[in-house]
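So this one's upload_27.pdb, PDB, C-alpha atoms and all ligand atoms:
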```pdb
MODEL        1
ATOM      1  CA  MET A   1      15.080 -11.775  -2.058
ATOM      2  CA  ALA A   2      18.371 -13.628  -1.851
ATOM      3  CA  SER A   3      17.643 -15.871   1.168
ATOM      4  CA  ARG A   4      14.271 -17.301   2.116
ATOM      5  CA  PRO A   5      12.330 -14.656   4.056
ATOM      6  CA  PRO A   6      10.805 -15.584   7.448
ATOM      7  CA  PHE A   7       7.316 -15.485   5.909
ATOM      8  CA  ALA A   8       8.092 -18.093   3.233
ATOM      9  CA  GLY A   9       5.226 -20.607   3.141
ATOM     10  CA  ALA A  10       2.997 -18.331   5.262
ATOM     11  CA  ARG A  11      -0.683 -17.414   4.810
ATOM     12  CA  ALA A  12      -0.976 -13.937   3.312
ATOM     13  CA  LEU A  13      -3.698 -11.383   2.574
ATOM     14  CA  VAL A  14      -2.859  -8.703  -0.025
ATOM     15  CA  THR A  15      -5.260  -5.802  -0.622
ATOM     16  CA  GLY A  16      -5.256  -3.891  -3.892
ATOM     17  CA  ALA A  17      -3.801  -6.920  -5.670
ATOM     18  CA  SER A  18      -5.530  -6.327  -9.020
ATOM     19  CA  SER A  19      -2.708  -4.097 -10.299
ATOM     20  CA  GLY A  20       0.555  -2.316  -9.557
ATOM     21  CA  ILE A  21       2.444  -2.784  -6.306
ATOM     22  CA  GLY A  22      -0.139  -5.143  -4.783
ATOM     23  CA  ALA A  23      -0.011  -7.532  -7.749
ATOM     24  CA  ASP A  24       3.799  -7.623  -7.539
ATOM     25  CA  VAL A  25       3.760  -8.199  -3.776
ATOM     26  CA  ALA A  26       1.381 -11.125  -4.382
ATOM     27  CA  ARG A  27       3.678 -12.505  -7.105
ATOM     28  CA  GLN A  28       6.715 -12.340  -4.820
ATOM     29  CA  LEU A  29       4.819 -13.988  -1.959
ATOM     30  CA  ALA A  30       3.719 -16.737  -4.367
ATOM     31  CA  ASP A  31       7.362 -17.214  -5.372
ATOM     32  CA  VAL A  32       8.224 -18.153  -1.762
ATOM     33  CA  GLY A  33       5.338 -20.610  -1.458
ATOM     34  CA  CYS A  34       2.746 -18.552   0.428
ATOM     35  CA  ALA A  35      -0.969 -19.350   0.462
ATOM     36  CA  LEU A  36      -2.735 -16.194  -0.629
ATOM     37  CA  VAL A  37      -5.970 -14.256  -0.487
ATOM     38  CA  VAL A  38      -5.933 -11.461  -3.059
ATOM     39  CA  THR A  39      -8.580  -8.768  -2.915
ATOM     40  CA  ALA A  40      -9.736  -5.687  -4.882
ATOM     41  CA  ARG A  41     -12.869  -4.730  -6.860
ATOM     42  CA  ARG A  42     -11.909  -5.963 -10.362
ATOM     43  CA  ALA A  43     -12.721  -9.670 -10.391
ATOM     44  CA  ASP A  44     -11.317 -10.351 -13.877
ATOM     45  CA  ARG A  45      -7.906  -8.952 -12.962
ATOM     46  CA  LEU A  46      -7.837 -10.939  -9.713
ATOM     47  CA  GLU A  47      -8.791 -14.207 -11.453
ATOM     48  CA  ALA A  48      -6.036 -13.736 -14.058
ATOM     49  CA  LEU A  49      -3.539 -12.981 -11.281
ATOM     50  CA  ALA A  50      -4.694 -16.004  -9.273
ATOM     51  CA  ALA A  51      -3.966 -18.314 -12.216
ATOM     52  CA  GLU A  52      -0.497 -16.793 -12.540
ATOM     53  CA  LEU A  53       0.185 -17.102  -8.786
ATOM     54  CA  ARG A  54      -0.738 -20.803  -8.779
ATOM     55  CA  GLY A  55       1.788 -21.329 -11.581
ATOM     56  CA  ARG A  56       4.474 -19.463  -9.624
ATOM     57  CA  GLY A  57       4.298 -21.632  -6.524
ATOM     58  CA  ALA A  58       1.522 -20.326  -4.295
ATOM     59  CA  THR A  59       0.192 -23.253  -2.261
ATOM     60  CA  ALA A  60      -3.363 -21.857  -2.494
ATOM     61  CA  VAL A  61      -4.939 -18.721  -3.967
ATOM     62  CA  HIS A  62      -8.381 -17.331  -3.118
ATOM     63  CA  VAL A  63      -9.974 -14.327  -4.785
ATOM     64  CA  VAL A  64     -12.139 -12.010  -2.676
ATOM     65  CA  VAL A  65     -13.924  -9.236  -4.552
ATOM     66  CA  GLU A  66     -14.829  -6.356  -2.230
ATOM     67  CA  ASP A  67     -14.948  -2.576  -2.112
ATOM     68  CA  LEU A  68     -12.739  -1.375   0.742
ATOM     69  CA  ALA A  69     -14.455   2.001   0.734
ATOM     70  CA  SER A  70     -17.150   0.166   2.694
ATOM     71  CA  ARG A  71     -16.424  -0.630   6.327
ATOM     72  CA  GLU A  72     -18.576  -3.749   6.074
ATOM     73  CA  GLY A  73     -16.590  -4.698   2.957
ATOM     74  CA  ALA A  74     -13.305  -4.409   4.872
ATOM     75  CA  ALA A  75     -14.676  -6.558   7.714
ATOM     76  CA  ARG A  76     -15.856  -9.162   5.169
ATOM     77  CA  VAL A  77     -12.352  -9.301   3.644
ATOM     78  CA  ALA A  78     -10.846 -10.119   7.058
ATOM     79  CA  ASP A  79     -13.479 -12.828   7.680
ATOM     80  CA  ALA A  80     -13.065 -14.300   4.185
ATOM     81  CA  ALA A  81      -9.263 -14.424   4.514
ATOM     82  CA  ARG A  82      -9.448 -16.136   7.890
ATOM     83  CA  ALA A  83     -11.977 -18.647   6.593
ATOM     84  CA  ALA A  84     -10.087 -19.391   3.366
ATOM     85  CA  LEU A  85      -6.598 -19.670   4.869
ATOM     86  CA  GLY A  86      -7.391 -20.788   8.423
ATOM     87  CA  GLY A  87      -5.624 -17.648   9.683
ATOM     88  CA  VAL A  88      -3.465 -14.849   8.336
ATOM     89  CA  ASP A  89       0.271 -14.523   9.080
ATOM     90  CA  VAL A  90       1.070 -11.761   6.572
ATOM     91  CA  LEU A  91      -1.186  -8.738   6.057
ATOM     92  CA  VAL A  92      -0.341  -6.325   3.250
ATOM     93  CA  ASN A  93      -2.369  -3.110   3.507
ATOM     94  CA  ASN A  94      -1.714  -1.875  -0.011
ATOM     95  CA  ALA A  95      -5.024  -0.772  -1.629
ATOM     96  CA  GLY A  96      -5.172   2.968  -2.095
ATOM     97  CA  PHE A  97      -5.811   5.860  -4.410
ATOM     98  CA  ALA A  98      -5.470   9.642  -4.568
ATOM     99  CA  VAL A  99      -7.839  12.535  -5.165
ATOM    100  CA  PRO A 100      -5.673  15.249  -6.724
ATOM    101  CA  GLY A 101      -6.671  18.889  -7.052
ATOM    102  CA  LEU A 102      -7.661  21.896  -5.011
ATOM    103  CA  THR A 103      -9.034  20.994  -1.611
ATOM    104  CA  GLU A 104     -12.101  23.241  -1.962
ATOM    105  CA  ARG A 105     -13.025  21.580  -5.262
ATOM    106  CA  ALA A 106     -12.204  17.951  -4.466
ATOM    107  CA  PRO A 107     -15.386  15.828  -4.735
ATOM    108  CA  LEU A 108     -16.374  15.125  -1.140
ATOM    109  CA  ASP A 109     -17.706  11.604  -1.739
ATOM    110  CA  ARG A 110     -14.475  10.569  -3.474
ATOM    111  CA  THR A 111     -12.341  12.177  -0.773
ATOM    112  CA  LEU A 112     -14.229  10.304   1.944
ATOM    113  CA  ALA A 113     -13.933   7.054  -0.025
ATOM    114  CA  MET A 114     -10.173   7.673  -0.237
ATOM    115  CA  ILE A 115      -9.982   8.051   3.535
ATOM    116  CA  ASP A 116     -11.964   4.821   3.936
ATOM    117  CA  VAL A 117      -9.717   2.839   1.554
ATOM    118  CA  ASN A 118      -6.358   4.347   2.553
ATOM    119  CA  VAL A 119      -6.933   4.684   6.306
ATOM    120  CA  VAL A 120     -10.069   3.037   7.667
ATOM    121  CA  ALA A 121      -9.693  -0.302   5.837
ATOM    122  CA  PRO A 122      -6.098  -0.882   7.080
ATOM    123  CA  VAL A 123      -7.263  -0.103  10.622
ATOM    124  CA  ILE A 124     -10.207  -2.531  10.341
ATOM    125  CA  LEU A 125      -8.093  -5.305   8.794
ATOM    126  CA  THR A 126      -5.260  -4.901  11.282
ATOM    127  CA  ARG A 127      -7.626  -4.771  14.254
ATOM    128  CA  ALA A 128      -9.279  -7.973  13.000
ATOM    129  CA  LEU A 129      -6.102  -9.942  12.232
ATOM    130  CA  LEU A 130      -3.437  -8.709  14.659
ATOM    131  CA  PRO A 131      -4.745 -10.447  17.826
ATOM    132  CA  ALA A 132      -4.263 -13.932  16.337
ATOM    133  CA  MET A 133      -0.762 -12.988  15.130
ATOM    134  CA  LEU A 134       0.116 -11.872  18.663
ATOM    135  CA  GLU A 135      -1.354 -15.020  20.139
ATOM    136  CA  ALA A 136       0.770 -17.112  17.775
ATOM    137  CA  ARG A 137       3.742 -14.783  18.412
ATOM    138  CA  ARG A 138       4.220 -14.714  14.655
ATOM    139  CA  GLY A 139       3.001 -12.158  12.159
ATOM    140  CA  PHE A 140       3.941  -9.592   9.531
ATOM    141  CA  VAL A 141       2.168  -6.363   8.570
ATOM    142  CA  LEU A 142       3.270  -4.311   5.571
ATOM    143  CA  ASN A 143       1.574  -0.896   5.298
ATOM    144  CA  VAL A 144       1.985   0.810   1.935
ATOM    145  CA  ALA A 145       2.282   4.514   2.741
ATOM    146  CA  SER A 146       4.124   7.015   0.491
ATOM    147  CA  VAL A 147       6.786   9.713   0.443
ATOM    148  CA  ALA A 148       3.700  11.951   0.203
ATOM    149  CA  GLY A 149       3.049  10.956   3.821
ATOM    150  CA  ILE A 150       6.465  12.185   4.952
ATOM    151  CA  GLY A 151       6.320  15.758   3.648
ATOM    152  CA  PRO A 152       3.516  18.101   2.598
ATOM    153  CA  ALA A 153       1.906  17.466  -0.788
ATOM    154  CA  PRO A 154      -0.151  20.481  -1.911
ATOM    155  CA  TYR A 155      -2.772  19.724  -4.595
ATOM    156  CA  GLN A 156      -3.124  16.236  -3.154
ATOM    157  CA  ALA A 157      -3.601  17.326   0.447
ATOM    158  CA  GLY A 158      -6.141  14.685   1.451
ATOM    159  CA  TYR A 159      -4.004  11.910  -0.013
ATOM    160  CA  SER A 160      -0.938  13.215   1.826
ATOM    161  CA  GLY A 161      -2.975  13.236   5.049
ATOM    162  CA  THR A 162      -4.055   9.615   4.612
ATOM    163  CA  LYS A 163      -0.483   8.480   4.022
ATOM    164  CA  ALA A 164       0.812  10.500   6.992
ATOM    165  CA  PHE A 165      -1.770   8.696   9.131
ATOM    166  CA  LEU A 166      -0.733   5.308   7.786
ATOM    167  CA  LEU A 167       2.955   6.035   8.346
ATOM    168  CA  HIS A 168       2.614   7.363  11.909
ATOM    169  CA  TRP A 169       0.081   4.711  12.862
ATOM    170  CA  SER A 170       2.338   1.962  11.464
ATOM    171  CA  GLU A 171       5.456   3.258  13.212
ATOM    172  CA  SER A 172       3.533   3.640  16.471
ATOM    173  CA  PHE A 173       1.762   0.296  16.833
ATOM    174  CA  ARG A 174       4.920  -1.411  15.610
ATOM    175  CA  GLU A 175       6.560  -0.497  18.931
ATOM    176  CA  GLU A 176       3.660  -2.079  20.820
ATOM    177  CA  VAL A 177       4.126  -5.442  19.112
ATOM    178  CA  ARG A 178       7.823  -5.686  18.234
ATOM    179  CA  ASP A 179       8.706  -7.800  21.303
ATOM    180  CA  ARG A 180       5.716 -10.046  20.759
ATOM    181  CA  GLY A 181       6.680 -11.681  17.472
ATOM    182  CA  VAL A 182       4.991  -9.348  14.986
ATOM    183  CA  ALA A 183       6.958  -7.342  12.398
ATOM    184  CA  VAL A 184       5.466  -4.086  11.091
ATOM    185  CA  THR A 185       6.942  -2.098   8.207
ATOM    186  CA  ALA A 186       5.801   1.062   6.419
ATOM    187  CA  LEU A 187       6.686   1.062   2.722
ATOM    188  CA  CYS A 188       7.110   4.609   1.352
ATOM    189  CA  PRO A 189       7.353   4.550  -2.434
ATOM    190  CA  GLY A 190       7.896   7.616  -4.552
ATOM    191  CA  ILE A 191       6.569   7.745  -8.093
ATOM    192  CA  THR A 192       5.971   4.175  -9.196
ATOM    193  CA  ASP A 193       4.974   2.831 -12.599
ATOM    194  CA  THR A 194       1.420   1.613 -11.935
ATOM    195  CA  GLU A 195      -2.163   2.581 -12.802
ATOM    196  CA  PHE A 196      -2.194   4.993  -9.856
ATOM    197  CA  PHE A 197      -1.963   8.287 -11.845
ATOM    198  CA  GLU A 198      -4.494   7.154 -14.426
ATOM    199  CA  ALA A 199      -6.934   6.022 -11.712
ATOM    200  CA  ALA A 200      -6.605   9.376  -9.928
ATOM    201  CA  GLY A 201      -6.880  11.558 -13.040
ATOM    202  CA  TYR A 202      -3.599  13.472 -12.714
ATOM    203  CA  LYS A 203      -2.676  15.456 -15.802
ATOM    204  CA  GLY A 204       0.666  16.316 -17.432
ATOM    205  CA  THR A 205       2.534  13.587 -15.610
ATOM    206  CA  ASN A 206       4.663  12.456 -18.576
ATOM    207  CA  ARG A 207       7.813  14.418 -17.716
ATOM    208  CA  PHE A 208       7.266  13.848 -14.020
ATOM    209  CA  LEU A 209       6.992  10.106 -14.555
ATOM    210  CA  ARG A 210      10.507   9.748 -15.930
ATOM    211  CA  TRP A 211      11.516   9.199 -12.276
ATOM    212  CA  LYS A 212       9.094   6.330 -11.888
ATOM    213  CA  MET A 213      10.245   3.032 -10.390
ATOM    214  CA  PRO A 214       8.979  -0.351 -11.595
ATOM    215  CA  SER A 215       6.394  -1.703  -9.153
ATOM    216  CA  GLU A 216       8.266  -5.008  -9.023
ATOM    217  CA  ARG A 217      11.250  -3.212  -7.395
ATOM    218  CA  VAL A 218       9.020  -1.351  -4.965
ATOM    219  CA  ALA A 219       7.340  -4.599  -3.901
ATOM    220  CA  ARG A 220      10.726  -6.281  -3.461
ATOM    221  CA  ALA A 221      12.021  -3.429  -1.296
ATOM    222  CA  GLY A 222       8.902  -3.605   0.882
ATOM    223  CA  LEU A 223       9.084  -7.359   1.422
ATOM    224  CA  ALA A 224      12.835  -7.264   2.058
ATOM    225  CA  ALA A 225      12.298  -4.580   4.727
ATOM    226  CA  LEU A 226       9.440  -6.579   6.257
ATOM    227  CA  ALA A 227      11.640  -9.686   6.397
ATOM    228  CA  ARG A 228      14.175  -7.657   8.411
ATOM    229  CA  ASN A 229      11.443  -5.981  10.494
ATOM    230  CA  ARG A 230      12.526  -2.523   9.377
ATOM    231  CA  CYS A 231      10.383   0.332  10.646
ATOM    232  CA  ARG A 232      10.209   2.208   7.338
ATOM    233  CA  VAL A 233      11.586   1.825   3.840
ATOM    234  CA  VAL A 234      11.786   4.641   1.277
ATOM    235  CA  THR A 235      12.325   3.226  -2.213
ATOM    236  CA  GLY A 236      15.081   4.390  -4.572
ATOM    237  CA  TRP A 237      18.004   6.776  -4.044
ATOM    238  CA  GLN A 238      16.163   9.796  -5.510
ATOM    239  CA  ASN A 239      13.359   9.399  -2.993
ATOM    240  CA  LYS A 240      15.815   8.786  -0.151
ATOM    241  CA  LEU A 241      17.614  12.005  -1.134
ATOM    242  CA  LEU A 242      14.287  13.845  -1.297
ATOM    243  CA  VAL A 243      13.326  12.674   2.186
ATOM    244  CA  PHE A 244      16.773  13.542   3.564
ATOM    245  CA  THR A 245      16.568  17.040   2.040
ATOM    246  CA  THR A 246      13.045  17.445   3.421
ATOM    247  CA  ARG A 247      14.326  16.684   6.903
ATOM    248  CA  LEU A 248      17.088  19.307   6.681
ATOM    249  CA  SER A 249      15.150  22.112   4.959
ATOM    250  CA  PRO A 250      12.725  24.602   6.517
ATOM    251  CA  ARG A 251       9.078  23.594   6.218
ATOM    252  CA  TRP A 252       8.103  26.727   4.208
ATOM    253  CA  LEU A 253      10.688  25.882   1.535
ATOM    254  CA  ILE A 254       9.540  22.274   1.201
ATOM    255  CA  GLN A 255       5.898  23.372   0.957
ATOM    256  CA  GLY A 256       6.744  25.928  -1.756
ATOM    257  CA  VAL A 257       8.752  23.493  -3.878
ATOM    258  CA  ALA A 258       6.113  20.771  -3.520
ATOM    259  CA  ALA A 259       3.383  23.228  -4.548
ATOM    260  CA  ARG A 260       5.322  24.270  -7.669
ATOM    261  CA  LEU A 261       5.898  20.646  -8.650
ATOM    262  CA  MET A 262       2.301  19.545  -8.164
ATOM    263  CA  ARG A 263       0.319  22.625  -9.304
ATOM    264  CA  ARG A 264       0.545  21.845 -13.032
ATOM    265  CA  ARG A 265      -0.503  18.232 -12.489
ATOM    266  CA  SER A 266      -3.612  19.164 -10.561
ATOM    267  CA  PRO A 267      -6.827  18.498 -12.505
ATOM    268  CA  GLY A 268      -8.841  20.966 -10.422
ATOM    269  CA  ARG A 269      -7.093  24.338 -10.790
TER     270      ARG A 269
HETATM  271  N1  LIG B   1       2.148   4.604  -7.891
HETATM  272  C1  LIG B   1       2.750   5.486  -7.089
HETATM  273  O1  LIG B   1       3.443   6.413  -7.576
HETATM  274  C2  LIG B   1       2.616   5.367  -5.583
HETATM  275  C3  LIG B   1       3.489   6.113  -4.792
HETATM  276  C4  LIG B   1       3.395   6.019  -3.417
HETATM  277  C5  LIG B   1       2.461   5.188  -2.836
HETATM  278  N2  LIG B   1       1.614   4.468  -3.616
HETATM  279  C6  LIG B   1       0.622   3.616  -2.947
HETATM  280  O2  LIG B   1       0.773   2.289  -3.390
HETATM  281  C7  LIG B   1      -0.460   1.577  -3.196
HETATM  282  C8  LIG B   1      -0.764   0.761  -4.446
HETATM  283  O3  LIG B   1      -1.011   1.663  -5.526
HETATM  284  P1  LIG B   1      -0.429   1.417  -6.994
HETATM  285  O4  LIG B   1       0.590   2.438  -7.256
HETATM  286  O5  LIG B   1      -0.077  -0.003  -7.178
HETATM  287  O6  LIG B   1      -1.710   1.835  -7.860
HETATM  288  P2  LIG B   1      -2.771   0.990  -8.690
HETATM  289  O7  LIG B   1      -2.103   0.205  -9.759
HETATM  290  O8  LIG B   1      -3.817   1.977  -9.087
HETATM  291  O9  LIG B   1      -3.346  -0.032  -7.611
HETATM  292  C9  LIG B   1      -4.269   0.355  -6.622
HETATM  293  C10 LIG B   1      -4.954  -0.884  -6.082
HETATM  294  O10 LIG B   1      -5.894  -0.474  -5.054
HETATM  295  C11 LIG B   1      -7.146  -1.082  -5.342
HETATM  296  N3  LIG B   1      -8.261  -0.257  -4.894
HETATM  297  C12 LIG B   1      -8.499   1.051  -5.195
HETATM  298  N4  LIG B   1      -9.677   1.432  -4.681
HETATM  299  C13 LIG B   1     -10.199   0.335  -4.049
HETATM  300  C14 LIG B   1     -11.409   0.077  -3.332
HETATM  301  N5  LIG B   1     -12.362   1.023  -3.207
HETATM  302  N6  LIG B   1     -11.625  -1.142  -2.808
HETATM  303  C15 LIG B   1     -10.693  -2.120  -2.968
HETATM  304  N7  LIG B   1      -9.521  -1.948  -3.620
HETATM  305  C16 LIG B   1      -9.293  -0.732  -4.167
HETATM  306  C17 LIG B   1      -7.166  -1.226  -6.865
HETATM  307  O11 LIG B   1      -8.046  -2.301  -7.234
HETATM  308  P3  LIG B   1      -9.481  -2.149  -7.939
HETATM  309  O12 LIG B   1      -9.479  -0.903  -8.753
HETATM  310  O13 LIG B   1      -9.599  -3.405  -8.753
HETATM  311  O14 LIG B   1     -10.435  -2.125  -6.794
HETATM  312  C18 LIG B   1      -5.723  -1.616  -7.149
HETATM  313  O15 LIG B   1      -5.550  -3.001  -6.994
HETATM  314  C19 LIG B   1      -1.513   2.640  -2.871
HETATM  315  O16 LIG B   1      -1.776   2.626  -1.483
HETATM  316  C20 LIG B   1      -0.831   3.942  -3.258
HETATM  317  O17 LIG B   1      -1.305   5.025  -2.496
HETATM  318  C21 LIG B   1       1.680   4.538  -4.985
ENDMDL
END
```

Translate the structure of the given file into structure tokens.
Amino acid sequence: MASRPPFAGARALVTGASSGIGADVARQLADVGCALVVTARRADRLEALAAELRGRGATAVHVVVEDLASREGAARVADAARAALGGVDVLVNNAGFAVPGLTERAPLDRTLAMIDVNVVAPVILTRALLPAMLEARRGFVLNVASVAGIGPAPYQAGYSGTKAFLLHWSESFREEVRDRGVAVTALCPGITDTEFFEAAGYKGTNRFLRWKMPSERVARAGLAALARNRCRVVTGWQNKLLVFTTRLSPRWLIQGVAARLMRRRSPGR
């Protein structure tokens, strides 16, 4: 970020901060002097990140270890962040994962956990923290969706559905709050160089991953868009071109191409 963003020095909660995009968002918020709560399940990763964030300029860093697949866990994260920071000005709904493969074979418990982490937790956290932002007439919400939420994504259908929810939900409630001091942005990355594919168990992604973007750039694009209160940001020119083409092409063609691209990477064929 060239100039100081409006959330410099703010109190921020970042979910899914133990790796990838979330860790880089936390780093960039630390760089502009935010006080931070970082949350995920892997305590060791969060503690190592916390030490780094303190060195980078965060005014305070608190680690909250929770599983966002649990609704009680999500509610505890909101309470812990409020208690640790005295309020939250910046909420980054970033934690998420995918369940790739054929819909009829996808493990049901994992699919439901994905819906809880990708959809239910952001709704719980936002519902808990948005009222105080509105009262203060100052707040920022960054929702990490995906290009997979813009068009169909066969062989990762449930994941695509969660990201479509996040995107439409984000763009909808944004209009409710935009004149009341709260900025809401949906970040739509394409393939990004993180632990995402490993965590999900995709196969044969090597060639596919040559398009990957560094997570540091994705985080920077998201925070820059949030600073300008942009509705949505798609990262990288290839992804922008993909989304533009998707908009112009017939739905059947997009579905067919997406299916061909994803079929070989599906673990459950
Ligand atoms: N990488 C991509 O190509 C890509 C593309 C588009 C969108 N995205 C989105 O970007 C976001 C960040 O993913 P990433 O690419 O940075 O992948 P990542 O490196 O795998 O990070 C995912 C983060 O989510 C956390 N998480 C997963 N399950 C959780 C749970 N049950 N409870 C709490 N935290 C949980 C993980 O922490 P723990 O494992 O420690 O809990 C980790 O910090 C996700 O929403 C993803 O859908 C990624």

Quick one: distance from CA of Val25 (chain A) to atom O3 of ligand LIG 1 (chain B) in Å, one decimal?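 Rounded to one decimal, the two atoms are 11.1 Å apart.
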
Kindly assemble as CSV a list of the chain A residues that lie within 8 Å of ligand LIG 1 (chain B), each paired with its nearest atom pair and their distance in Å to one decimal, using all atoms listed in the file, sorted first by chain and then by ascending residue number.
```
residue,atom,partner,partner_atom,distance
A:Thr15,CA,B:LIG1,N7,6.5
A:Gly16,CA,B:LIG1,O15,3.2
A:Ala17,CA,B:LIG1,O15,4.5
A:Ser18,CA,B:LIG1,O15,3.9
A:Ser19,CA,B:LIG1,O7,4.4
A:Gly20,CA,B:LIG1,O5,3.4
A:Ile21,CA,B:LIG1,O5,3.9
A:Gly22,CA,B:LIG1,O5,5.7
A:Ala23,CA,B:LIG1,O15,7.2
A:Thr39,CA,B:LIG1,N7,6.9
A:Ala40,CA,B:LIG1,N7,4.0
A:Arg41,CA,B:LIG1,O14,3.6
A:Arg42,CA,B:LIG1,O13,3.8
A:Ala43,CA,B:LIG1,O13,7.2
A:Arg45,CA,B:LIG1,O13,7.2
A:Leu46,CA,B:LIG1,O13,7.8
A:Val65,CA,B:LIG1,C15,8.0
A:Glu66,CA,B:LIG1,C15,6.0
A:Asp67,CA,B:LIG1,N6,3.7
A:Leu68,CA,B:LIG1,N6,3.7
A:Ala69,CA,B:LIG1,N5,4.6
A:Ser70,CA,B:LIG1,N5,7.6
A:Asn93,CA,B:LIG1,O16,7.6
A:Asn94,CA,B:LIG1,O16,4.7
A:Ala95,CA,B:LIG1,O10,3.5
A:Gly96,CA,B:LIG1,O16,3.5
A:Phe97,CA,B:LIG1,O17,5.0
A:Ala98,CA,B:LIG1,O17,6.6
A:Ala113,CA,B:LIG1,N5,7.0
A:Met114,CA,B:LIG1,N5,7.6
A:Val117,CA,B:LIG1,N5,5.7
A:Asn118,CA,B:LIG1,O16,6.3
A:Val144,CA,B:LIG1,O16,5.4
A:Ala145,CA,B:LIG1,C5,5.6
A:Ser146,CA,B:LIG1,C4,4.1
A:Val147,CA,B:LIG1,C4,6.3
A:Ala148,CA,B:LIG1,C4,7.0
A:Tyr159,CA,B:LIG1,O17,7.8
A:Lys163,CA,B:LIG1,O17,7.4
A:Cys188,CA,B:LIG1,C4,6.2
A:Pro189,CA,B:LIG1,C4,4.3
A:Gly190,CA,B:LIG1,C3,4.7
A:Ile191,CA,B:LIG1,O1,3.4
A:Thr192,CA,B:LIG1,O1,3.7
A:Asp193,CA,B:LIG1,N1,5.8
A:Thr194,CA,B:LIG1,O7,4.4
A:Glu195,CA,B:LIG1,O7,3.9
A:Phe196,CA,B:LIG1,O8,3.5
A:Phe197,CA,B:LIG1,N1,6.8
A:Glu198,CA,B:LIG1,O8,7.5
A:Ala199,CA,B:LIG1,O8,5.7
A:Ala200,CA,B:LIG1,O8,8.0
A:Lys212,CA,B:LIG1,O1,7.1
A:Ser215,CA,B:LIG1,O5,7.0
```

For CA of Leu112 (chain A) and CA of Arg82 (chain A), determine how far apart the two atoms are, in Å to one decimal place.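 Separation of CA of Leu112 (chain A) and CA of Arg82 (chain A): 27.5 Å.
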
Any chance you could resolve the PyMOL selection byres (((chain A and resi 254-266) around 9) and not hetatm) against this file and give the residues as a VMD selection string? chain A and resid 100 to 102 151 to 156 201 to 205 208 245 to 246 249 to 253 267 to 269

Interatomic distance, CA of Gly57 (chain A) to CA of Ala10 (chain A) (Å, one decimal):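 For CA of Gly57 (chain A) relative to CA of Ala10 (chain A), the distance reads 12.3 Å.
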
What do you get, as a list in words, if you spell out every residue that the PyMOL selection byres (((chain A and resi 136) around 12) and not hetatm) selects here?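 Going through the file, the PyMOL selection byres (((chain A and resi 136) around 12) and not hetatm) ends up selecting Gly87, Val88, Asp89, Leu129, Leu130, Pro131, Ala132, Met133, Leu134, Glu135, Arg137, Arg138, Gly139, Phe140, Arg180, Gly181 and Val182 of chain A.
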
Restricted to C-alpha atoms, what does region 99-117 of chain A look like when written out as a PDB file, in the first residue's frame?
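What ended up in out_8.pdb:
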```pdb
ATOM      1  CA  VAL A  99     -13.725 -30.612  -0.630  1.00  0.00           C
ATOM      2  CA  PRO A 100     -12.873 -31.612  -4.203  1.00  0.00           C
ATOM      3  CA  GLY A 101     -14.361 -34.579  -6.030  1.00  0.00           C
ATOM      4  CA  LEU A 102     -17.643 -36.005  -7.207  1.00  0.00           C
ATOM      5  CA  THR A 103     -20.611 -34.681  -5.284  1.00  0.00           C
ATOM      6  CA  GLU A 104     -22.091 -38.145  -4.667  1.00  0.00           C
ATOM      7  CA  ARG A 105     -18.808 -39.357  -3.164  1.00  0.00           C
ATOM      8  CA  ALA A 106     -17.781 -36.281  -1.173  1.00  0.00           C
ATOM      9  CA  PRO A 107     -17.576 -37.173   2.550  1.00  0.00           C
ATOM     10  CA  LEU A 108     -20.685 -35.626   4.078  1.00  0.00           C
ATOM     11  CA  ASP A 109     -19.099 -34.668   7.409  1.00  0.00           C
ATOM     12  CA  ARG A 110     -16.259 -32.841   5.645  1.00  0.00           C
ATOM     13  CA  THR A 111     -18.659 -31.121   3.254  1.00  0.00           C
ATOM     14  CA  LEU A 112     -20.781 -29.879   6.154  1.00  0.00           C
ATOM     15  CA  ALA A 113     -17.658 -28.715   8.003  1.00  0.00           C
ATOM     16  CA  MET A 114     -16.667 -26.792   4.858  1.00  0.00           C
ATOM     17  CA  ILE A 115     -20.041 -25.052   4.810  1.00  0.00           C
ATOM     18  CA  ASP A 116     -19.625 -24.193   8.499  1.00  0.00           C
ATOM     19  CA  VAL A 117     -16.113 -22.745   8.035  1.00  0.00           C
TER      20      VAL A 117
END
```
